[in-house]
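Participant: Sending over a structure as structure tokens; questions will come in a sec.
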Amino acid sequence: TPLGGILNVNMKPGILLLLVALLVCSALTKVIVYSPKQLRERVVNKKGSDEGFNVSLANFGIIPYGHSLIGRIYYDPENADGCNPFGEFDFSEDPDDNDHPTPIILVDRGNCTFVKKVRNIEHAGGRLGIVMDHQIEDVTNVVMSDDGSGMGISIPSLLIGITDGKILKDFLKEFGGTNYMKKSISSDIEDDDKPKKKTEDQKIVEQAALMVTFEMPHPDQRVEYDIWYSSIDDRALDFITDFQKYDEKLGENVLMTPHFVSVS
């Protein structure tokens, strides 16, 4: 393809690596409630539709572009912001696959970096981290940025709005929460050595799951990508200057949208 030919030019390794990353950063990520119907109905009542939540995708971690993920949601009110290591959750009865569960762990925004939260989520066994905002704003304008230590993170993560996060947290709280799903608690047995019987509320909360899709929109058959740069990054101007000649080669095969983050 013309684009493939352009990428074969003699680029500097750093420029080529960053360009490849930029070409895939415009994924259209959707988060919708998968189950149960009680939670889906609550979203419709609160938001007026079931079109899903607005999100901001993190610029670190491995994003499964072109794929989707369905997973049960977990929230630990004892470690609400995710800034401390989680106890080990019990994913043995995850509805997707006992051998390959896809748990989604929710945390509140604040008190530590996005990277630290997501690293703790990954260490707890989470396959996706969702950070819930702590103020009313358009999360699509929020940069869920790397703190410089996110290279080792291998799971995707994203930010959702405070209203959407409250819907999820209120639902979990109403039906008993998911903190009891930790192994240290869920493995407890009755005096007669029989497993504890689940309540109806526990059965409902265990069905609480989201579907997250990482689509790559290309309705006009061209690659769309964004470039984010900051006033505190001295290398940003050098990159933009060096990248100009490659942008000219890409021509009409791509559509680039620049973003500038000003830090005072």
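Chains: A, B, ... in order of the structure tokens. Residues: from 1 per chain. Ligands: from 1, in order shown.
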Would you return as a PyMOL selection string the members of region 57-254 of chain A that DSSP assigns to strand (DSSP E) on this structure's backbone?

Facilitator: chain A and resi 57+68-75+104-108+128-132+157-160+209-215+223-230+254

Participant: Store the residues picked out above, limited to N, CA and C atoms, as a compact mmCIF listing (two decimals), in the first residue's frame.

Facilitator:
# COMPACT_ATOMS: atom_id res chain seq x y z
N LEU A 57 -8.85 6.96 26.70
CA LEU A 57 -7.99 5.79 26.72
C LEU A 57 -6.59 6.18 27.17
N SER A 68 -12.57 -6.78 21.36
CA SER A 68 -13.47 -6.38 22.44
C SER A 68 -13.24 -7.26 23.65
N LEU A 69 -13.68 -6.80 24.79
CA LEU A 69 -13.48 -7.51 26.05
C LEU A 69 -14.75 -7.42 26.86
N ILE A 70 -15.18 -8.55 27.39
CA ILE A 70 -16.33 -8.60 28.29
C ILE A 70 -15.84 -9.13 29.62
N GLY A 71 -16.10 -8.39 30.68
CA GLY A 71 -15.61 -8.84 31.97
C GLY A 71 -16.47 -8.38 33.13
N ARG A 72 -16.45 -9.15 34.20
CA ARG A 72 -17.13 -8.78 35.42
C ARG A 72 -16.40 -7.61 36.07
N ILE A 73 -17.16 -6.73 36.71
CA ILE A 73 -16.54 -5.58 37.35
C ILE A 73 -16.34 -5.83 38.84
N TYR A 74 -15.22 -5.33 39.36
CA TYR A 74 -14.87 -5.46 40.77
C TYR A 74 -14.51 -4.08 41.31
N TYR A 75 -14.89 -3.83 42.55
CA TYR A 75 -14.56 -2.56 43.20
C TYR A 75 -14.32 -2.82 44.67
N ILE A 104 -12.56 -6.84 35.27
CA ILE A 104 -12.38 -5.40 35.12
C ILE A 104 -12.43 -4.80 36.52
N ILE A 105 -11.36 -4.13 36.92
CA ILE A 105 -11.29 -3.56 38.26
C ILE A 105 -11.47 -2.04 38.18
N LEU A 106 -12.39 -1.53 38.99
CA LEU A 106 -12.71 -0.11 39.04
C LEU A 106 -11.96 0.57 40.18
N VAL A 107 -11.46 1.76 39.93
CA VAL A 107 -10.83 2.56 40.99
C VAL A 107 -11.23 4.02 40.81
N ASP A 108 -11.16 4.78 41.90
CA ASP A 108 -11.44 6.20 41.85
C ASP A 108 -10.18 6.97 41.42
N LEU A 128 -8.40 -5.35 32.72
CA LEU A 128 -8.68 -3.99 32.27
C LEU A 128 -8.87 -3.12 33.51
N GLY A 129 -8.29 -1.94 33.49
CA GLY A 129 -8.48 -1.00 34.59
C GLY A 129 -9.35 0.16 34.16
N ILE A 130 -10.33 0.50 34.98
CA ILE A 130 -11.19 1.65 34.71
C ILE A 130 -11.07 2.62 35.87
N VAL A 131 -10.62 3.83 35.56
CA VAL A 131 -10.51 4.89 36.55
C VAL A 131 -11.76 5.76 36.43
N MET A 132 -12.40 6.04 37.56
CA MET A 132 -13.62 6.84 37.58
C MET A 132 -13.27 8.26 38.03
N SER A 157 -6.26 0.42 29.90
CA SER A 157 -6.99 1.14 30.95
C SER A 157 -7.62 2.38 30.35
N LEU A 158 -8.61 2.91 31.04
CA LEU A 158 -9.32 4.07 30.53
C LEU A 158 -9.97 4.82 31.67
N LEU A 159 -10.38 6.05 31.36
CA LEU A 159 -11.04 6.93 32.32
C LEU A 159 -12.49 7.12 31.91
N ILE A 160 -13.42 7.02 32.87
CA ILE A 160 -14.82 7.31 32.61
C ILE A 160 -15.26 8.46 33.51
N ALA A 209 -21.35 -6.80 34.55
CA ALA A 209 -20.25 -6.91 33.59
C ALA A 209 -20.35 -5.81 32.55
N LEU A 210 -19.22 -5.42 32.03
CA LEU A 210 -19.13 -4.42 30.96
C LEU A 210 -18.56 -5.06 29.71
N MET A 211 -18.92 -4.48 28.57
CA MET A 211 -18.29 -4.84 27.31
C MET A 211 -17.52 -3.62 26.80
N VAL A 212 -16.25 -3.80 26.53
CA VAL A 212 -15.40 -2.71 26.06
C VAL A 212 -14.87 -3.09 24.68
N THR A 213 -15.07 -2.21 23.71
CA THR A 213 -14.58 -2.46 22.36
C THR A 213 -13.52 -1.43 22.00
N PHE A 214 -12.51 -1.90 21.29
CA PHE A 214 -11.41 -1.03 20.86
C PHE A 214 -11.39 -1.03 19.32
N GLU A 215 -12.30 -0.25 18.75
CA GLU A 215 -12.46 -0.22 17.30
C GLU A 215 -11.47 0.76 16.65
N VAL A 223 -6.00 6.61 7.50
CA VAL A 223 -5.63 6.48 8.90
C VAL A 223 -5.77 7.83 9.59
N GLU A 224 -6.43 7.84 10.73
CA GLU A 224 -6.57 9.07 11.51
C GLU A 224 -5.79 8.91 12.81
N TYR A 225 -5.00 9.90 13.14
CA TYR A 225 -4.21 9.82 14.36
C TYR A 225 -4.06 11.19 14.99
N ASP A 226 -3.73 11.18 16.28
CA ASP A 226 -3.55 12.40 17.04
C ASP A 226 -2.10 12.50 17.53
N ILE A 227 -1.60 13.71 17.58
CA ILE A 227 -0.29 13.97 18.19
C ILE A 227 -0.51 14.86 19.41
N TRP A 228 -0.07 14.37 20.55
CA TRP A 228 -0.16 15.13 21.79
C TRP A 228 1.24 15.60 22.18
N TYR A 229 1.39 16.85 22.48
CA TYR A 229 2.68 17.32 22.97
C TYR A 229 2.45 18.40 24.02
N SER A 230 3.49 18.63 24.81
CA SER A 230 3.34 19.45 26.00
C SER A 230 4.37 20.56 26.04
N VAL A 254 -3.50 9.99 5.41
CA VAL A 254 -3.76 10.12 6.84
C VAL A 254 -4.42 11.45 7.15

Participant: Report as a PyMOL selection string: the residues of region 85-259 of chain A with a DSSP assignment of alpha helix (DSSP H), based on the backbone of this structure.

Facilitator: chain A and resi 114-123+162-174+183-186+200-205+234-250

Participant: If you take only C-alpha atoms and a cut-off of 9 Å, which residues of region 33-102 of chain A touch region 134-146 of chain A, and what are their nearest atom pairs and distances in Å to one decimal, in chain and number order, as a Markdown table?

Facilitator:
| residue | atom | partner | partner_atom | distance |
| --- | --- | --- | --- | --- |
| A:Asn54 | CA | A:Thr140 | CA | 6.7 |
| A:Val55 | CA | A:Thr140 | CA | 5.8 |
| A:Ser56 | CA | A:Thr140 | CA | 5.0 |
| A:Leu57 | CA | A:Met144 | CA | 6.7 |
| A:Ala58 | CA | A:Met144 | CA | 4.7 |
| A:Asn59 | CA | A:Ser145 | CA | 5.7 |
| A:Phe60 | CA | A:Asp146 | CA | 5.9 |

Participant: Just how far from CA of Ile240 (chain A) is CA of Pro258 (chain A), in Å to one decimal?

Facilitator: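 Interatomic distance, CA of Pro258 (chain A) to CA of Ile240 (chain A): 10.4 Å.
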
Participant: My list of candidates is A:Asn120, A:Asn45, A:Ser231, A:Ser149. Which is closest to Asp81 (chain A) when distances are computed with only C-alpha atoms?

Facilitator: A:Asn120

Participant: To one decimal place, how far is CA of Gly66 (chain A) from CA of Gly125 (chain A) in Å?

Facilitator: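 Atom-to-atom, CA of Gly66 (chain A) to CA of Gly125 (chain A), that is 22.6 Å.
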
Participant: What gap, in Å, lies between CA of Gly150 (chain A) and CA of Ile62 (chain A)?

Facilitator: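 Separating CA of Gly150 (chain A) from CA of Ile62 (chain A) is a distance of 10.3 Å.
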
Participant: So which residues touch region 168-179 of chain A within 12 Å, counting only C-alpha atoms, skipping near sequence neighbours fewer than 6 positions away, as a CSV table (one decimal) with N, CA and C atoms, in the first residue's frame?

Facilitator:
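As written to disk, out.csv reads:
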chain,number,residue,atom,x,y,z
A,32,ILE,N,-20.0,-0.3,27.3
A,32,ILE,CA,-21.4,-0.4,27.6
A,32,ILE,C,-21.6,-1.5,28.6
A,33,VAL,N,-22.8,-1.4,29.3
A,33,VAL,CA,-23.1,-2.4,30.3
A,33,VAL,C,-23.6,-3.6,29.6
A,35,SER,N,-24.4,-6.7,31.4
A,35,SER,CA,-25.3,-7.4,32.2
A,35,SER,C,-25.1,-6.9,33.7
A,36,PRO,N,-26.1,-7.1,34.5
A,36,PRO,CA,-27.5,-7.7,34.3
A,36,PRO,C,-28.4,-6.6,33.8
A,37,LYS,N,-29.7,-7.0,33.6
A,37,LYS,CA,-30.7,-6.1,33.0
A,37,LYS,C,-31.0,-5.0,34.0
A,38,GLN,N,-30.9,-5.3,35.3
A,38,GLN,CA,-31.1,-4.2,36.3
A,38,GLN,C,-30.1,-3.1,36.2
A,39,LEU,N,-28.9,-3.4,35.9
A,39,LEU,CA,-27.9,-2.3,35.7
A,39,LEU,C,-28.1,-1.6,34.3
A,40,ARG,N,-28.4,-2.4,33.3
A,40,ARG,CA,-28.7,-1.8,32.0
A,40,ARG,C,-29.8,-0.8,32.1
A,41,GLU,N,-30.9,-1.2,32.8
A,41,GLU,CA,-32.0,-0.3,32.9
A,41,GLU,C,-31.7,0.9,33.7
A,42,ARG,N,-30.8,0.8,34.7
A,42,ARG,CA,-30.4,1.9,35.5
A,42,ARG,C,-29.6,3.0,34.7
A,43,VAL,N,-28.8,2.5,33.8
A,43,VAL,CA,-28.0,3.3,32.9
A,43,VAL,C,-28.9,4.1,32.0
A,46,LYS,N,-30.8,6.8,34.0
A,46,LYS,CA,-29.9,7.9,34.4
A,46,LYS,C,-29.4,8.8,33.2
A,53,PHE,N,-20.6,4.7,27.7
A,53,PHE,CA,-19.9,5.8,28.5
A,53,PHE,C,-18.9,6.5,27.6
A,72,ARG,N,-16.4,-9.1,34.2
A,72,ARG,CA,-17.1,-8.8,35.4
A,72,ARG,C,-16.4,-7.6,36.1
A,73,ILE,N,-17.2,-6.7,36.7
A,73,ILE,CA,-16.5,-5.6,37.3
A,73,ILE,C,-16.3,-5.8,38.8
A,74,TYR,N,-15.2,-5.3,39.4
A,74,TYR,CA,-14.9,-5.5,40.8
A,74,TYR,C,-14.5,-4.1,41.3
A,75,TYR,N,-14.9,-3.8,42.6
A,75,TYR,CA,-14.6,-2.6,43.2
A,75,TYR,C,-14.3,-2.8,44.7
A,76,ASP,N,-13.2,-2.4,45.2
A,76,ASP,CA,-12.8,-2.6,46.6
A,76,ASP,C,-12.9,-1.2,47.3
A,77,PRO,N,-14.0,-1.0,48.1
A,77,PRO,CA,-14.1,0.3,48.8
A,77,PRO,C,-13.0,0.5,49.8
A,78,GLU,N,-12.3,-0.6,50.3
A,78,GLU,CA,-11.2,-0.4,51.2
A,78,GLU,C,-9.9,0.1,50.5
A,79,ASN,N,-9.9,0.0,49.2
A,79,ASN,CA,-8.8,0.5,48.5
A,79,ASN,C,-9.3,1.2,47.2
A,80,ALA,N,-10.2,2.2,47.5
A,80,ALA,CA,-11.1,2.8,46.4
A,80,ALA,C,-10.2,3.5,45.4
A,86,PHE,N,-3.8,-4.4,45.9
A,86,PHE,CA,-5.1,-5.1,46.3
A,86,PHE,C,-4.8,-6.4,46.9
A,87,GLY,N,-5.8,-6.9,47.7
A,87,GLY,CA,-5.8,-8.3,48.1
A,87,GLY,C,-6.1,-9.1,46.8
A,88,GLU,N,-5.9,-10.3,46.9
A,88,GLU,CA,-6.1,-11.2,45.7
A,88,GLU,C,-7.6,-11.5,45.5
A,89,PHE,N,-8.2,-11.1,44.4
A,89,PHE,CA,-9.6,-11.4,44.1
A,89,PHE,C,-9.7,-12.8,43.7
A,90,ASP,N,-10.9,-13.3,43.9
A,90,ASP,CA,-11.2,-14.7,43.5
A,90,ASP,C,-12.0,-14.6,42.2
A,91,PHE,N,-11.3,-15.0,41.1
A,91,PHE,CA,-11.9,-14.9,39.7
A,91,PHE,C,-12.3,-16.3,39.3
A,103,PRO,N,-11.4,-10.1,34.3
A,103,PRO,CA,-12.0,-9.2,35.3
A,103,PRO,C,-11.6,-7.7,35.0
A,104,ILE,N,-12.6,-6.8,35.3
A,104,ILE,CA,-12.4,-5.4,35.1
A,104,ILE,C,-12.4,-4.8,36.5
A,105,ILE,N,-11.4,-4.1,36.9
A,105,ILE,CA,-11.3,-3.6,38.3
A,105,ILE,C,-11.5,-2.0,38.2
A,106,LEU,N,-12.4,-1.5,39.0
A,106,LEU,CA,-12.7,-0.1,39.0
A,106,LEU,C,-12.0,0.6,40.2
A,107,VAL,N,-11.5,1.8,39.9
A,107,VAL,CA,-10.8,2.6,41.0
A,107,VAL,C,-11.2,4.0,40.8
A,108,ASP,N,-11.2,4.8,41.9
A,108,ASP,CA,-11.4,6.2,41.8
A,108,ASP,C,-10.2,7.0,41.4
A,130,ILE,N,-10.3,0.5,35.0
A,130,ILE,CA,-11.2,1.6,34.7
A,130,ILE,C,-11.1,2.6,35.9
A,131,VAL,N,-10.6,3.8,35.6
A,131,VAL,CA,-10.5,4.9,36.6
A,131,VAL,C,-11.8,5.8,36.4
A,132,MET,N,-12.4,6.0,37.6
A,132,MET,CA,-13.6,6.8,37.6
A,132,MET,C,-13.3,8.3,38.0
A,160,ILE,N,-13.4,7.0,32.9
A,160,ILE,CA,-14.8,7.3,32.6
A,160,ILE,C,-15.3,8.5,33.5
A,161,GLY,N,-16.4,9.1,33.2
A,161,GLY,CA,-16.9,10.2,33.9
A,161,GLY,C,-17.4,9.9,35.3
A,162,ILE,N,-17.4,10.9,36.2
A,162,ILE,CA,-17.9,10.8,37.5
A,162,ILE,C,-19.3,10.3,37.6
A,185,ILE,N,-11.7,-13.9,51.8
A,185,ILE,CA,-13.0,-13.9,52.4
A,185,ILE,C,-13.9,-15.0,51.7
A,186,SER,N,-13.8,-15.1,50.4
A,186,SER,CA,-14.7,-16.0,49.6
A,186,SER,C,-14.4,-17.4,49.9
A,198,LYS,N,-24.7,-18.5,48.5
A,198,LYS,CA,-24.8,-17.1,48.0
A,198,LYS,C,-26.2,-16.5,48.1
A,199,THR,N,-26.2,-15.3,48.5
A,199,THR,CA,-27.5,-14.6,48.6
A,199,THR,C,-28.0,-14.2,47.2
A,200,GLU,N,-29.2,-13.8,47.0
A,200,GLU,CA,-29.7,-13.4,45.7
A,200,GLU,C,-29.0,-12.1,45.3
A,201,ASP,N,-28.7,-11.2,46.2
A,201,ASP,CA,-28.0,-10.0,45.9
A,201,ASP,C,-26.6,-10.3,45.3
A,202,GLN,N,-25.9,-11.3,45.9
A,202,GLN,CA,-24.6,-11.7,45.4
A,202,GLN,C,-24.7,-12.3,44.0
A,203,LYS,N,-25.7,-13.0,43.8
A,203,LYS,CA,-25.9,-13.6,42.4
A,203,LYS,C,-26.1,-12.5,41.4
A,204,ILE,N,-26.8,-11.4,41.8
A,204,ILE,CA,-27.0,-10.3,40.9
A,204,ILE,C,-25.7,-9.5,40.6
A,205,VAL,N,-25.0,-9.2,41.7
A,205,VAL,CA,-23.8,-8.4,41.6
A,205,VAL,C,-22.7,-9.2,40.8
A,206,GLU,N,-22.7,-10.5,40.9
A,206,GLU,CA,-21.8,-11.3,40.1
A,206,GLU,C,-22.0,-11.2,38.6
A,207,GLN,N,-23.2,-10.8,38.2
A,207,GLN,CA,-23.5,-10.7,36.8
A,207,GLN,C,-23.1,-9.3,36.3
A,208,ALA,N,-22.7,-8.4,37.1
A,208,ALA,CA,-22.4,-7.0,36.7
A,208,ALA,C,-21.2,-7.1,35.8
A,209,ALA,N,-21.3,-6.8,34.5
A,209,ALA,CA,-20.2,-6.9,33.6
A,209,ALA,C,-20.4,-5.8,32.5
A,210,LEU,N,-19.2,-5.4,32.0
A,210,LEU,CA,-19.1,-4.4,31.0
A,210,LEU,C,-18.6,-5.1,29.7

Participant: Could you pull the residues within 9 Å of Ser154 (chain A), counting only C-alpha atoms, minus those fewer than 5 positions along the same chain, as a ChimeraX atom specification?

Facilitator: /A:60-63,119,122,127
